[in-house]
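K.L.:
Take a look at the following structure, please.
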Amino acid sequence: MSTAQQVPDILSPEFAANPYPAYRAMRDSAPLFWHEATQSWIVSRYEDVERVFKDRGGQFTTENYDWQIEPVHGRTILQLSGREHAVRRALVAPAFRGAELQDHFMPVIERDSRELIDAFRHTGRADLVADYATRFPVNVIADMLGLDKADHDRFHRWYTSVIAFLGNLSGDQEVAAAGARTRVEFAEYMIPIIRERRENPGDDLLSTLCAAEVDGVRMSDEDIKAFCSLLLAAGGETTDKAIAGIFANLLAHPEQLAAVREDRSLIPRAFAETLRFTPPVHMIMRQSATDVELSGGTIPAGATVTCLIGAANRDGSRYRDPDRFDILRADLTTTTAFSAADHLAFALGRHFCVGALLAKAEVETGVGQLLDALPELRTEDGFDVVEQGVFTRGPKSLPVRFTPAA
């Protein structure tokens, strides 16, 4: 059995600054080890993370979410299993795919992106993180739910607090307390709106959730509130970091940026390769239901398992030249069914991210509109991109210059 002493600690400043050398060391010499501080088994190789997520034999559960996310969201679809999970997923999934997504929400996505870009397209400079990426997905979710975009700053504060809680691997008490306060504040905000929407439904997603019914089952006010909280945090944080990551990676590889600008059909490839190369979510946890053999040893039943997506996605046994960003690589699925994506960034199996197609629509729309509006895009002189975060990770800022619109 490997030990944590063989690799940099995931809570160390060295790891936070650049986790990729540590990931390589884990895959090579410590593919499975016990991490005392987080009380979890760390898994880093692609084949092992894939196996945990697919869970074809019922060996892994999401019971870890009982303590990891319920304190901030309430009980969510992520914690459910079997028929209960299937019914809840059937209630919410239709809004995030097919005609509902295309007809109802694509106009919202396109409008919200355009409004943000219009604020800076004439200036010749912007911070693509602060001015666009952090605001765009939150605005879309607020519009989809029929909430007041004037409350954007409040939404952003809430989801930042929630993500900090989820990534609170060191057990910081202030972070935990802030997360608990956010749950109360969000409930006080949302429950009255949910009740009003039940009485006076509109054509928004919140009204759809209030009316949704499968086999005689409808969601309670608490169910809907928890799902909205999850949507705001997961949908905001991941799409935010994906958009920023795409541009950080393309700007660092000007020939690939030029190729995408010339051929917009390459945007899905740039998205998929960014999810592999610099995924927004670096860690997802599960719980073992039985003793499980993985590379490096055995995980005992009832243990928390920390799956390192950021490590698995750079596993040389799965991807050729894994530390190279290459939107044209032949070993990454980008054109087949999105739910079969092999970069692991949206997990796999029955808990594959229900909002993945929404994220794809947002990212592809946003990237296309930004490329249209910002000719001769380049990073601000002298600026080096700095990523931050351990549980989730992305560029802290991304100041750029471009030729302003006439």
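By order of appearance in the structure tokens: chains A, B, ..., then residues from 1 within every chain, and ligands from 1 in the order shown.
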Fewer than 5 positions away in the same chain doesn't count, so skip those; otherwise give me all residues within 9 Å of A:Arg51, counting only C-alpha atoms, as a ChimeraX atom specification.

P.N.:
/A:46,56,294

K.L.:
Based on the selection just made, write N, CA and C atoms of those residues as an mmCIF file, in the first residue's frame.

P.N.:
```
data_model
loop_
_atom_site.group_PDB
_atom_site.id
_atom_site.type_symbol
_atom_site.label_atom_id
_atom_site.label_comp_id
_atom_site.auth_asym_id
_atom_site.auth_seq_id
_atom_site.Cartn_x
_atom_site.Cartn_y
_atom_site.Cartn_z
ATOM 1 N N TYR A 46 -6.473 6.982 -14.306
ATOM 2 C CA TYR A 46 -7.691 7.078 -15.119
ATOM 3 C C TYR A 46 -8.564 5.845 -14.964
ATOM 4 N N ARG A 56 -20.352 -0.089 -12.031
ATOM 5 C CA ARG A 56 -21.277 -1.054 -12.629
ATOM 6 C C ARG A 56 -21.714 -2.132 -11.630
ATOM 7 N N LEU A 294 -8.374 -1.788 -6.201
ATOM 8 C CA LEU A 294 -7.983 -0.845 -7.239
ATOM 9 C C LEU A 294 -6.464 -0.897 -7.379
#
```

K.L.:
Need to verify the contact set: A:Ala133, 8 Å, only C-alpha atoms, exclusion of same-chain residues closer than 2 positions in sequence. Can you return it as a CSV table (one decimal) with all heavy atoms, in the first residue's frame?

P.N.:
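The new file part.csv reads:
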```
chain,number,residue,atom,x,y,z
A,128,LEU,N,-11.5,38.7,-18.8
A,128,LEU,CA,-12.5,37.7,-19.2
A,128,LEU,C,-13.1,36.9,-18.1
A,128,LEU,O,-14.1,36.3,-18.2
A,128,LEU,CB,-11.9,36.7,-20.3
A,128,LEU,CG,-11.6,37.4,-21.6
A,128,LEU,CD1,-11.1,36.3,-22.6
A,128,LEU,CD2,-12.8,38.1,-22.2
A,129,VAL,N,-12.4,36.9,-16.9
A,129,VAL,CA,-12.9,36.3,-15.7
A,129,VAL,C,-13.9,37.2,-15.0
A,129,VAL,O,-15.1,36.8,-14.9
A,129,VAL,CB,-11.8,35.8,-14.7
A,129,VAL,CG1,-12.4,35.3,-13.4
A,129,VAL,CG2,-10.9,34.8,-15.4
A,130,ALA,N,-13.5,38.4,-14.6
A,130,ALA,CA,-14.3,39.3,-13.8
A,130,ALA,C,-15.5,39.8,-14.7
A,130,ALA,O,-16.6,40.0,-14.2
A,130,ALA,CB,-13.5,40.4,-13.2
A,131,ASP,N,-15.2,40.2,-15.9
A,131,ASP,CA,-16.2,40.9,-16.7
A,131,ASP,C,-17.2,40.0,-17.5
A,131,ASP,O,-18.2,40.4,-17.9
A,131,ASP,CB,-15.5,41.8,-17.8
A,131,ASP,CG,-14.7,42.9,-17.2
A,131,ASP,OD1,-15.0,43.3,-16.1
A,131,ASP,OD2,-13.7,43.3,-17.8
A,135,ARG,N,-19.9,36.0,-14.5
A,135,ARG,CA,-21.2,36.6,-14.5
A,135,ARG,C,-22.2,35.8,-15.4
A,135,ARG,O,-23.3,35.7,-15.1
A,135,ARG,CB,-21.1,38.1,-14.9
A,135,ARG,CG,-20.2,38.9,-14.0
A,135,ARG,CD,-20.4,40.4,-14.3
A,135,ARG,NE,-21.6,40.9,-13.9
A,135,ARG,CZ,-21.9,41.3,-12.7
A,135,ARG,NH1,-21.0,41.2,-11.7
A,135,ARG,NH2,-23.1,41.8,-12.4
A,136,PHE,N,-21.6,35.3,-16.5
A,136,PHE,CA,-22.5,34.8,-17.5
A,136,PHE,C,-23.3,33.6,-17.1
A,136,PHE,O,-24.6,33.6,-17.2
A,136,PHE,CB,-21.6,34.4,-18.7
A,136,PHE,CG,-22.3,33.6,-19.9
A,136,PHE,CD1,-23.5,34.0,-20.3
A,136,PHE,CD2,-21.7,32.6,-20.5
A,136,PHE,CE1,-24.2,33.4,-21.3
A,136,PHE,CE2,-22.3,31.9,-21.5
A,136,PHE,CZ,-23.5,32.3,-22.0
A,137,PRO,N,-22.7,32.5,-16.5
A,137,PRO,CA,-23.6,31.4,-16.1
A,137,PRO,C,-24.6,31.7,-15.0
A,137,PRO,O,-25.7,31.1,-15.0
A,137,PRO,CB,-22.6,30.3,-15.7
A,137,PRO,CG,-21.3,31.0,-15.4
A,137,PRO,CD,-21.3,32.2,-16.3
A,239,THR,N,-19.0,26.3,-15.2
A,239,THR,CA,-19.1,26.9,-16.5
A,239,THR,C,-18.2,28.2,-16.5
A,239,THR,O,-17.5,28.5,-17.5
A,239,THR,CB,-20.5,27.3,-16.9
A,239,THR,OG1,-21.3,26.2,-16.8
A,239,THR,CG2,-20.6,27.9,-18.3
A,240,ASP,N,-18.2,28.9,-15.4
A,240,ASP,CA,-17.3,30.0,-15.2
A,240,ASP,C,-15.8,29.6,-15.5
A,240,ASP,O,-15.1,30.2,-16.3
A,240,ASP,CB,-17.5,30.5,-13.8
A,240,ASP,CG,-16.3,31.4,-13.2
A,240,ASP,OD1,-15.4,31.7,-13.9
A,240,ASP,OD2,-16.5,31.8,-12.0
A,241,LYS,N,-15.4,28.5,-14.8
A,241,LYS,CA,-14.0,28.1,-15.0
A,241,LYS,C,-13.7,27.5,-16.3
A,241,LYS,O,-12.6,27.5,-16.8
A,241,LYS,CB,-13.6,27.2,-13.8
A,241,LYS,CG,-13.5,27.9,-12.5
A,241,LYS,CD,-13.2,27.0,-11.3
A,241,LYS,CE,-12.6,27.8,-10.1
A,241,LYS,NZ,-13.4,29.0,-9.8
A,243,ILE,N,-15.1,28.4,-19.3
A,243,ILE,CA,-14.9,29.4,-20.3
A,243,ILE,C,-13.5,30.1,-20.1
A,243,ILE,O,-12.8,30.4,-21.0
A,243,ILE,CB,-16.0,30.5,-20.2
A,243,ILE,CG1,-17.3,29.8,-20.6
A,243,ILE,CG2,-15.7,31.7,-21.0
A,243,ILE,CD1,-18.6,30.7,-20.4
A,244,ALA,N,-13.2,30.5,-18.8
A,244,ALA,CA,-11.9,31.1,-18.6
A,244,ALA,C,-10.8,30.2,-19.0
A,244,ALA,O,-9.8,30.6,-19.5
A,244,ALA,CB,-11.8,31.5,-17.1
```

K.L.:
DSSP on the backbone, helix (DSSP H, G or I) only: what residues of stretch 113-261 of chain A does that give? Format it as a ChimeraX atom specification.

P.N.:
/A:113-118,128-133,136-145,149-166,173-199,205-211,221-251,254-261

K.L.:
Between A:Arg276, A:Arg393, A:Arg198, A:Arg261, which one has atoms that come closest to A:Glu376, using only C-alpha atoms?

P.N.:
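Between A:Arg276, A:Arg393, A:Arg198, A:Arg261, the residue approaching A:Glu376 most closely is A:Arg261.
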
K.L.:
Please report, as a ChimeraX atom specification, each residue of stretch 91-286 of chain A to which DSSP assigns strand (DSSP E) when run on this structure's backbone.

P.N.:
/A:125-127,213-214,217-218,283-286

K.L.:
Extract, using only C-alpha atoms, all DNA, RNA and protein residues at most 12 Å from A:Asn249, discarding same-chain residues fewer than 4 positions from it, and format them as a VMD selection string.

P.N.:
chain A and resid 241 to 245 253 to 257 260 270 to 279 324 to 327 378 to 379 384 to 387 394 to 395 398

K.L.:
So, with only C-alpha atoms as the atoms that count, which of A:Arg264, A:Pro21, A:Glu188, A:Asp112 lies closest to A:Lys149?

P.N.:
A:Asp112

K.L.:
Please provide as a VMD selection string all residues within 10 Å of A:Ile193, with the sequence filter that same-chain residues fewer than 6 positions apart are discarded (counting only C-alpha atoms).

P.N.:
chain A and resid 146 to 147 187 199 206 221 225

K.L.:
Near A:Thr298, within 10 Å and counting only C-alpha atoms, which residues show up once chain neighbours fewer than 6 positions away are dropped, as a list in words?

P.N.:
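The filter keeps Met1, Leu32, Phe33, Trp41, Asp291 and Val292 of chain A.
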
K.L.:
In Å, rounded to a single decimal, give me how far atom CA of A:Gly216 is from atom CA of A:Gly202.

P.N.:
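Interatomic distance here is 21.7 Å.
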
K.L.:
Closest to A:Cys307 among A:Met106, A:Met190, A:Ile284, A:Ile69, using only C-alpha atoms?

P.N.:
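With only C-alpha atoms as the atom set, the closest residue is A:Ile284.
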
K.L.:
Mind giving me the straight-line distance from atom CA of A:Tyr132 to atom CA of A:Leu370 in Å, one decimal?

P.N.:
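Atom CA of A:Leu370 lies at a distance of 9.5 Å from atom CA of A:Tyr132.
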
K.L.:
Out of A:Phe155, A:Pro268, A:Leu250, A:His35, which residue has the shortest atom-to-atom distance to A:Ala303 when counting only C-alpha atoms?

P.N.:
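Using only C-alpha atoms, the shortest distance to A:Ala303 belongs to A:His35.
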
K.L.:
When you look at A:Phe402 with a cut-off of 8 Å (counting only C-alpha atoms), what residues show up, excluding the ones that are within fewer than 6 positions of it in the same chain? I need them as a PyMOL selection string.

P.N.:
chain A and resi 124-125+374-378

K.L.:
Please dump the current selection as an mmCIF file, in the first residue's frame; keep all heavy atoms.

P.N.:
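Result written to out00.cif:
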```cif
data_model
loop_
_atom_site.group_PDB
_atom_site.id
_atom_site.type_symbol
_atom_site.label_atom_id
_atom_site.label_comp_id
_atom_site.auth_asym_id
_atom_site.auth_seq_id
_atom_site.Cartn_x
_atom_site.Cartn_y
_atom_site.Cartn_z
ATOM 1 N N GLY A 124 -11.605 47.750 -25.995
ATOM 2 C CA GLY A 124 -10.294 47.243 -26.371
ATOM 3 C C GLY A 124 -9.589 46.451 -25.299
ATOM 4 O O GLY A 124 -8.502 45.914 -25.526
ATOM 5 N N ARG A 125 -10.207 46.335 -24.118
ATOM 6 C CA ARG A 125 -9.595 45.539 -23.055
ATOM 7 C C ARG A 125 -10.675 45.050 -22.098
ATOM 8 O O ARG A 125 -11.725 45.674 -21.948
ATOM 9 C CB ARG A 125 -8.515 46.327 -22.314
ATOM 10 C CG ARG A 125 -8.997 47.565 -21.619
ATOM 11 C CD ARG A 125 -7.873 48.548 -21.339
ATOM 12 N NE ARG A 125 -6.653 47.910 -20.892
ATOM 13 C CZ ARG A 125 -5.468 48.526 -20.885
ATOM 14 N NH1 ARG A 125 -5.360 49.782 -21.300
ATOM 15 N NH2 ARG A 125 -4.385 47.906 -20.470
ATOM 16 N N LEU A 374 -14.242 40.113 -30.355
ATOM 17 C CA LEU A 374 -12.921 40.535 -29.891
ATOM 18 C C LEU A 374 -11.835 40.137 -30.886
ATOM 19 O O LEU A 374 -11.061 39.198 -30.655
ATOM 20 C CB LEU A 374 -12.625 39.914 -28.514
ATOM 21 C CG LEU A 374 -13.725 40.021 -27.447
ATOM 22 C CD1 LEU A 374 -13.269 39.370 -26.151
ATOM 23 C CD2 LEU A 374 -14.123 41.475 -27.210
ATOM 24 N N PRO A 375 -11.727 40.840 -32.002
ATOM 25 C CA PRO A 375 -10.675 40.519 -32.971
ATOM 26 C C PRO A 375 -9.289 40.822 -32.404
ATOM 27 O O PRO A 375 -9.124 41.668 -31.530
ATOM 28 C CB PRO A 375 -11.000 41.429 -34.164
ATOM 29 C CG PRO A 375 -11.839 42.535 -33.600
ATOM 30 C CD PRO A 375 -12.593 41.951 -32.450
ATOM 31 N N GLU A 376 -8.302 40.075 -32.922
ATOM 32 C CA GLU A 376 -6.910 40.246 -32.501
ATOM 33 C C GLU A 376 -6.763 40.110 -30.982
ATOM 34 O O GLU A 376 -6.015 40.842 -30.327
ATOM 35 C CB GLU A 376 -6.342 41.591 -32.984
ATOM 36 C CG GLU A 376 -6.349 41.716 -34.506
ATOM 37 C CD GLU A 376 -5.817 43.043 -34.997
ATOM 38 O OE1 GLU A 376 -5.684 43.983 -34.179
ATOM 39 O OE2 GLU A 376 -5.519 43.141 -36.210
ATOM 40 N N LEU A 377 -7.478 39.138 -30.431
ATOM 41 C CA LEU A 377 -7.467 38.898 -28.988
ATOM 42 C C LEU A 377 -6.093 38.416 -28.534
ATOM 43 O O LEU A 377 -5.489 37.540 -29.151
ATOM 44 C CB LEU A 377 -8.534 37.851 -28.651
ATOM 45 C CG LEU A 377 -8.719 37.499 -27.170
ATOM 46 C CD1 LEU A 377 -9.282 38.696 -26.411
ATOM 47 C CD2 LEU A 377 -9.644 36.292 -27.042
ATOM 48 N N ARG A 378 -5.602 38.996 -27.442
ATOM 49 C CA ARG A 378 -4.308 38.604 -26.899
ATOM 50 C C ARG A 378 -4.295 38.911 -25.403
ATOM 51 O O ARG A 378 -5.041 39.757 -24.923
ATOM 52 C CB ARG A 378 -3.183 39.369 -27.596
ATOM 53 C CG ARG A 378 -3.301 40.888 -27.488
ATOM 54 C CD ARG A 378 -2.580 41.586 -28.626
ATOM 55 N NE ARG A 378 -2.660 43.041 -28.513
ATOM 56 C CZ ARG A 378 -3.692 43.777 -28.985
ATOM 57 N NH1 ARG A 378 -4.730 43.190 -29.565
ATOM 58 N NH2 ARG A 378 -3.678 45.097 -28.882
#
```

K.L.:
For a quick check of understanding, using only C-alpha atoms, which of A:Phe120, A:Trp67, A:Tyr20, A:Trp34 has the smallest distance to A:Ala373?

P.N.:
A:Phe120
